[in-house]
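Text of protein-v7.pdb, listed as PDB, C-alpha atoms:
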ATOM      1  CA  MET A   4     -82.190  -0.760 -33.051
ATOM      2  CA  ILE A   5     -83.030  -3.881 -34.980
ATOM      3  CA  PRO A   6     -85.022  -3.215 -38.152
ATOM      4  CA  ARG A   7     -88.488  -4.663 -38.030
ATOM      5  CA  PRO A   8     -90.673  -5.394 -41.038
ATOM      6  CA  ARG A   9     -93.315  -2.682 -41.119
ATOM      7  CA  GLU A  10     -96.936  -3.386 -41.561
ATOM      8  CA  THR A  11     -98.139  -1.894 -44.795
ATOM      9  CA  ARG A  12    -101.131   0.233 -43.984
ATOM     10  CA  SER A  13    -102.200   3.519 -45.545
ATOM     11  CA  PRO A  14    -102.306   6.186 -44.308
ATOM     12  CA  PRO A  15     -99.698   5.500 -41.609
ATOM     13  CA  MET A  16    -101.042   6.162 -38.119
ATOM     14  CA  PRO A  17     -98.919   7.573 -35.320
ATOM     15  CA  THR A  18     -98.092   5.038 -32.628
ATOM     16  CA  ILE A  19     -97.791   5.768 -28.923
ATOM     17  CA  VAL A  20     -95.427   3.533 -26.970
ATOM     18  CA  VAL A  21     -95.962   3.219 -23.218
ATOM     19  CA  ASP A  22     -93.319   1.512 -21.065
ATOM     20  CA  VAL A  23     -94.331   0.134 -17.691
ATOM     21  CA  MET A  24     -91.916  -1.411 -15.181
ATOM     22  CA  PRO A  25     -92.381  -3.004 -11.766
ATOM     23  CA  LYS A  26     -91.547  -0.445  -9.071
ATOM     24  CA  ALA A  27     -87.836  -0.441  -8.175
ATOM     25  CA  GLU A  28     -88.517  -1.187  -4.518
ATOM     26  CA  LEU A  29     -90.599  -4.282  -5.269
ATOM     27  CA  LEU A  30     -89.343  -7.792  -5.917
ATOM     28  CA  ASP A  31     -89.792  -9.021  -9.477
ATOM     29  CA  PRO A  32     -89.969 -12.830  -9.176
ATOM     30  CA  GLN A  33     -90.149 -13.332 -12.956
ATOM     31  CA  GLY A  34     -87.047 -11.188 -13.448
ATOM     32  CA  LYS A  35     -85.290 -12.997 -10.630
ATOM     33  CA  ALA A  36     -85.990 -16.351 -12.293
ATOM     34  CA  VAL A  37     -84.590 -15.080 -15.601
ATOM     35  CA  THR A  38     -81.486 -13.694 -13.830
ATOM     36  CA  GLY A  39     -80.902 -17.187 -12.407
ATOM     37  CA  SER A  40     -81.431 -18.842 -15.799
ATOM     38  CA  LEU A  41     -78.990 -16.476 -17.504
ATOM     39  CA  ASP A  42     -76.384 -17.237 -14.847
ATOM     40  CA  ARG A  43     -76.817 -21.001 -15.286
ATOM     41  CA  LEU A  44     -76.567 -20.600 -19.073
ATOM     42  CA  GLY A  45     -73.208 -18.846 -18.730
ATOM     43  CA  HIS A  46     -74.489 -15.278 -19.110
ATOM     44  CA  GLY A  47     -73.789 -14.264 -15.516
ATOM     45  CA  ARG A  48     -72.610 -10.812 -16.521
ATOM     46  CA  PHE A  49     -76.231  -9.796 -16.988
ATOM     47  CA  GLU A  50     -77.804  -9.131 -13.594
ATOM     48  CA  ASN A  51     -80.859  -7.632 -11.922
ATOM     49  CA  VAL A  52     -83.202  -8.582 -14.748
ATOM     50  CA  ARG A  53     -86.545  -6.830 -14.391
ATOM     51  CA  ILE A  54     -89.449  -7.540 -16.678
ATOM     52  CA  GLY A  55     -92.044  -4.939 -17.508
ATOM     53  CA  LYS A  56     -94.439  -4.209 -20.321
ATOM     54  CA  ARG A  57     -94.149  -2.349 -23.591
ATOM     55  CA  ILE A  58     -97.528  -1.279 -24.906
ATOM     56  CA  GLU A  59     -97.997   0.053 -28.438
ATOM     57  CA  MET A  60    -101.208   1.669 -29.605
ATOM     58  CA  THR A  61    -102.076   3.569 -32.734
ATOM     59  CA  VAL A  62    -103.890   6.887 -32.675
ATOM     60  CA  ASP A  63    -106.761   7.673 -34.963
ATOM     61  CA  GLY A  64    -105.751  11.211 -35.944
ATOM     62  CA  GLU A  65    -102.997  13.629 -35.070
ATOM     63  CA  VAL A  66    -101.189  13.438 -31.718
ATOM     64  CA  THR A  67    -102.015  16.808 -30.194
ATOM     65  CA  ASP A  68    -101.146  17.879 -26.624
ATOM     66  CA  GLU A  69    -104.673  16.900 -25.660
ATOM     67  CA  VAL A  70    -104.253  13.394 -27.121
ATOM     68  CA  LEU A  71    -100.930  13.040 -25.320
ATOM     69  CA  ALA A  72    -102.553  14.076 -22.034
ATOM     70  CA  GLU A  73    -105.263  11.468 -22.619
ATOM     71  CA  ALA A  74    -102.569   8.864 -23.374
ATOM     72  CA  LYS A  75    -100.870   9.699 -20.060
ATOM     73  CA  LYS A  76    -104.153   9.283 -18.226
ATOM     74  CA  VAL A  77    -104.776   5.952 -19.958
ATOM     75  CA  ALA A  78    -101.200   4.832 -19.182
ATOM     76  CA  ASN A  79    -101.615   5.605 -15.490
ATOM     77  CA  ASP A  80    -105.224   4.494 -15.013
ATOM     78  CA  VAL A  81    -105.688   1.567 -17.400
ATOM     79  CA  LEU A  82    -102.375   0.252 -18.715
ATOM     80  CA  SER A  83    -100.525   0.140 -15.408
ATOM     81  CA  ASN A  84    -101.247  -0.652 -11.781
ATOM     82  CA  SER A  85     -99.812   2.249  -9.802
ATOM     83  CA  VAL A  86     -99.572   0.145  -6.635
ATOM     84  CA  ILE A  87     -96.875  -2.080  -8.106
ATOM     85  CA  GLU A  88     -95.810  -0.440 -11.384
ATOM     86  CA  ASP A  89     -94.369   2.815 -12.731
ATOM     87  CA  VAL A  90     -95.033   4.270 -16.171
ATOM     88  CA  VAL A  91     -91.418   4.949 -17.157
ATOM     89  CA  SER A  92     -91.955   6.470 -20.594
ATOM     90  CA  ILE A  93     -94.576   7.554 -23.096
ATOM     91  CA  GLU A  94     -93.362   8.372 -26.590
ATOM     92  CA  VAL A  95     -94.858   8.997 -29.968
ATOM     93  CA  VAL A  96     -93.257   7.250 -32.909
ATOM     94  CA  GLU A  97     -93.645   8.438 -36.544
TER      95      GLU A  97
ATOM     96  CA  MET B  27     -90.054  10.734 -20.699
ATOM     97  CA  ILE B  28     -91.433  10.682 -17.175
ATOM     98  CA  PRO B  29     -88.746  11.032 -14.505
ATOM     99  CA  ARG B  30     -88.361   7.952 -12.372
ATOM    100  CA  PRO B  31     -86.710   7.794  -8.972
ATOM    101  CA  ARG B  32     -83.304   6.192  -9.488
ATOM    102  CA  GLU B  33     -82.011   3.450  -7.323
ATOM    103  CA  THR B  34     -78.995   4.663  -5.422
ATOM    104  CA  ARG B  35     -76.216   2.197  -6.085
ATOM    105  CA  SER B  36     -72.524   2.853  -6.474
ATOM    106  CA  PRO B  37     -70.868   2.544  -8.885
ATOM    107  CA  PRO B  38     -73.715   2.963 -11.398
ATOM    108  CA  MET B  39     -73.959  -0.030 -13.726
ATOM    109  CA  PRO B  40     -74.941   0.278 -17.375
ATOM    110  CA  THR B  41     -78.399  -1.071 -18.141
ATOM    111  CA  ILE B  42     -79.423  -2.868 -21.306
ATOM    112  CA  VAL B  43     -83.064  -2.528 -22.319
ATOM    113  CA  VAL B  44     -84.551  -5.206 -24.580
ATOM    114  CA  ASP B  45     -87.972  -4.655 -26.161
ATOM    115  CA  VAL B  46     -89.936  -7.668 -27.328
ATOM    116  CA  MET B  47     -93.271  -7.488 -29.170
ATOM    117  CA  PRO B  48     -95.677 -10.108 -30.460
ATOM    118  CA  LYS B  49     -95.099 -10.605 -34.195
ATOM    119  CA  ALA B  50     -97.159  -8.179 -36.291
ATOM    120  CA  GLU B  51     -98.891 -10.997 -38.182
ATOM    121  CA  LEU B  52    -100.084 -12.727 -35.002
ATOM    122  CA  LEU B  53    -103.190 -11.949 -33.003
ATOM    123  CA  ASP B  54    -102.537 -10.446 -29.580
ATOM    124  CA  PRO B  55    -105.593 -11.389 -27.503
ATOM    125  CA  GLN B  56    -104.418  -9.412 -24.458
ATOM    126  CA  GLY B  57    -103.948  -6.303 -26.590
ATOM    127  CA  LYS B  58    -107.323  -6.860 -28.225
ATOM    128  CA  ALA B  59    -108.989  -7.020 -24.806
ATOM    129  CA  VAL B  60    -107.320  -3.753 -23.785
ATOM    130  CA  THR B  61    -108.383  -2.100 -27.060
ATOM    131  CA  GLY B  62    -111.977  -3.071 -26.255
ATOM    132  CA  SER B  63    -111.693  -1.775 -22.677
ATOM    133  CA  LEU B  64    -110.277   1.560 -23.828
ATOM    134  CA  ASP B  65    -113.142   1.939 -26.279
ATOM    135  CA  ARG B  66    -115.744   1.199 -23.596
ATOM    136  CA  LEU B  67    -114.040   3.702 -21.257
ATOM    137  CA  GLY B  68    -114.345   6.453 -23.852
ATOM    138  CA  HIS B  69    -110.774   6.280 -25.159
ATOM    139  CA  GLY B  70    -111.697   4.897 -28.564
ATOM    140  CA  ARG B  71    -109.135   7.028 -30.365
ATOM    141  CA  PHE B  72    -106.459   4.592 -29.194
ATOM    142  CA  GLU B  73    -106.544   1.481 -31.353
ATOM    143  CA  ASN B  74    -104.598  -1.669 -32.203
ATOM    144  CA  VAL B  75    -103.169  -2.046 -28.727
ATOM    145  CA  ARG B  76    -100.367  -4.601 -28.669
ATOM    146  CA  ILE B  77     -98.689  -5.687 -25.480
ATOM    147  CA  GLY B  78     -95.094  -6.820 -25.400
ATOM    148  CA  LYS B  79     -92.292  -6.952 -22.875
ATOM    149  CA  ARG B  80     -89.661  -4.486 -21.777
ATOM    150  CA  ILE B  81     -86.723  -6.217 -20.122
ATOM    151  CA  GLU B  82     -84.052  -4.296 -18.243
ATOM    152  CA  MET B  83     -80.820  -5.880 -17.072
ATOM    153  CA  THR B  84     -77.658  -4.420 -15.613
ATOM    154  CA  VAL B  85     -74.234  -5.331 -16.895
ATOM    155  CA  ASP B  86     -71.363  -6.153 -14.581
ATOM    156  CA  GLY B  87     -68.638  -4.172 -16.363
ATOM    157  CA  GLU B  88     -68.346  -2.082 -19.493
ATOM    158  CA  VAL B  89     -70.659  -2.630 -22.462
ATOM    159  CA  THR B  90     -68.201  -3.603 -25.192
ATOM    160  CA  ASP B  91     -69.156  -4.819 -28.680
ATOM    161  CA  GLU B  92     -68.689  -8.353 -27.386
ATOM    162  CA  VAL B  93     -71.089  -7.760 -24.473
ATOM    163  CA  LEU B  94     -73.609  -6.235 -26.857
ATOM    164  CA  ALA B  95     -73.343  -9.267 -29.158
ATOM    165  CA  GLU B  96     -73.940 -11.520 -26.139
ATOM    166  CA  ALA B  97     -76.943  -9.376 -25.154
ATOM    167  CA  LYS B  98     -78.377  -9.833 -28.664
ATOM    168  CA  LYS B  99     -77.931 -13.587 -28.412
ATOM    169  CA  VAL B 100     -79.596 -13.634 -24.987
ATOM    170  CA  ALA B 101     -82.446 -11.440 -26.291
ATOM    171  CA  ASN B 102     -83.087 -13.805 -29.205
ATOM    172  CA  ASP B 103     -82.498 -17.128 -27.451
ATOM    173  CA  VAL B 104     -83.667 -16.590 -23.868
ATOM    174  CA  LEU B 105     -85.711 -13.410 -23.485
ATOM    175  CA  SER B 106     -87.966 -13.913 -26.497
ATOM    176  CA  ASN B 107     -89.698 -16.729 -28.307
ATOM    177  CA  SER B 108     -88.849 -16.260 -31.989
ATOM    178  CA  VAL B 109     -91.890 -18.282 -33.085
ATOM    179  CA  ILE B 110     -94.307 -15.660 -31.795
ATOM    180  CA  GLU B 111     -92.206 -12.626 -30.857
ATOM    181  CA  ASP B 112     -89.764 -10.135 -32.384
ATOM    182  CA  VAL B 113     -86.936  -8.401 -30.553
ATOM    183  CA  VAL B 114     -87.680  -4.841 -31.683
ATOM    184  CA  SER B 115     -84.867  -2.998 -29.937
ATOM    185  CA  ILE B 116     -81.803  -3.434 -27.756
ATOM    186  CA  GLU B 117     -80.335  -0.291 -26.237
ATOM    187  CA  VAL B 118     -77.807   0.615 -23.611
ATOM    188  CA  VAL B 119     -78.786   3.336 -21.150
ATOM    189  CA  GLU B 120     -76.289   5.404 -19.113
TER     190      GLU B 120
END

Could you quickly redo this structure as structure tokens?
Amino acid sequence: MIPRPRETRSPPMPTIVVDVMPKAELLDPQGKAVTGSLDRLGHGRFENVRIGKRIEMTVDGEVTDEVLAEAKKVANDVLSNSVIEDVVSIEVVE
Amino acid sequence: MIPRPRETRSPPMPTIVVDVMPKAELLDPQGKAVTGSLDRLGHGRFENVRIGKRIEMTVDGEVTDEVLAEAKKVANDVLSNSVIEDVVSIEVVE
């Protein structure tokens, strides 16, 4: 984990992190291009690059079970396209 | 953590996950658009949406300190644009 300068806001709001990846069975042309670039740059030991999204959002209030359920719904219905993507994780930080 | 169907490959290769986010001090127009959409859809409790990248890559071989150092270099030099993005985490899974 690389330390990142924190924004100074008060009070601190909980953040929900949603990770979305292209489905395993689908081609990922962007990832394929990066895999090729890494190989040409001498980093051929890194393979099968796949590029997804990391979405951070703050929550106004406490993260209750109900809020988490709403976040899951939002992750599946708004933040990802279930035809081509999987929501691989939803976590609450701080 | 939502379970995801695993690819069946043998032997299993370690995966490095690199998370890249737009710098905190920069506007994220895509995230702003999503924040607005969520609000209009009745999910206004989720705010300050920021959209970054999650990059997964497999490693051919063991993840030694040297490989991890190379992954950091690749994350900073190839997978992210340090003018507008921060590498927020690099982790090895399985």

Two-atom distance - atom CA of Lys56 of chain A, atom CA of Asp45 of chain B (Å):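 Atom-to-atom, atom CA of Lys56 of chain A and atom CA of Asp45 of chain B are spaced 8.7 Å apart.
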
Set the cut-off to 10 Å and count all atoms listed in the file: what are the residues of chain A that reach chain B? Output as a ChimeraX atom specification. /A:4-10,16,18-24,26-28,34,37-38,40-41,44,46-64,70,73-75,77,81-82,89-94

Could you tell me how far atom CA of Val118 of chain B lies from atom CA of Pro17 of chain A, in Å and to one decimal?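 Computing the Euclidean distance for atom CA of Val118 of chain B and atom CA of Pro17 of chain A yields 25.1 Å.
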
Six-sided padding of 8 Å per side, axis-aligned box over segment 66-76 of chain B, centre and edges in Å, one decimal, as lines of an AutoDock Vina configuration file:
center_x = -108.1
center_y = 1.2
center_z = -26.7
size_x = 31.4
size_y = 27.6
size_z = 26.9

Could you check how far atom CA of Leu29 of chain A sits from atom CA of Ser85 of chain A, in Å to one decimal?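 These atoms are spaced 12.2 Å apart.
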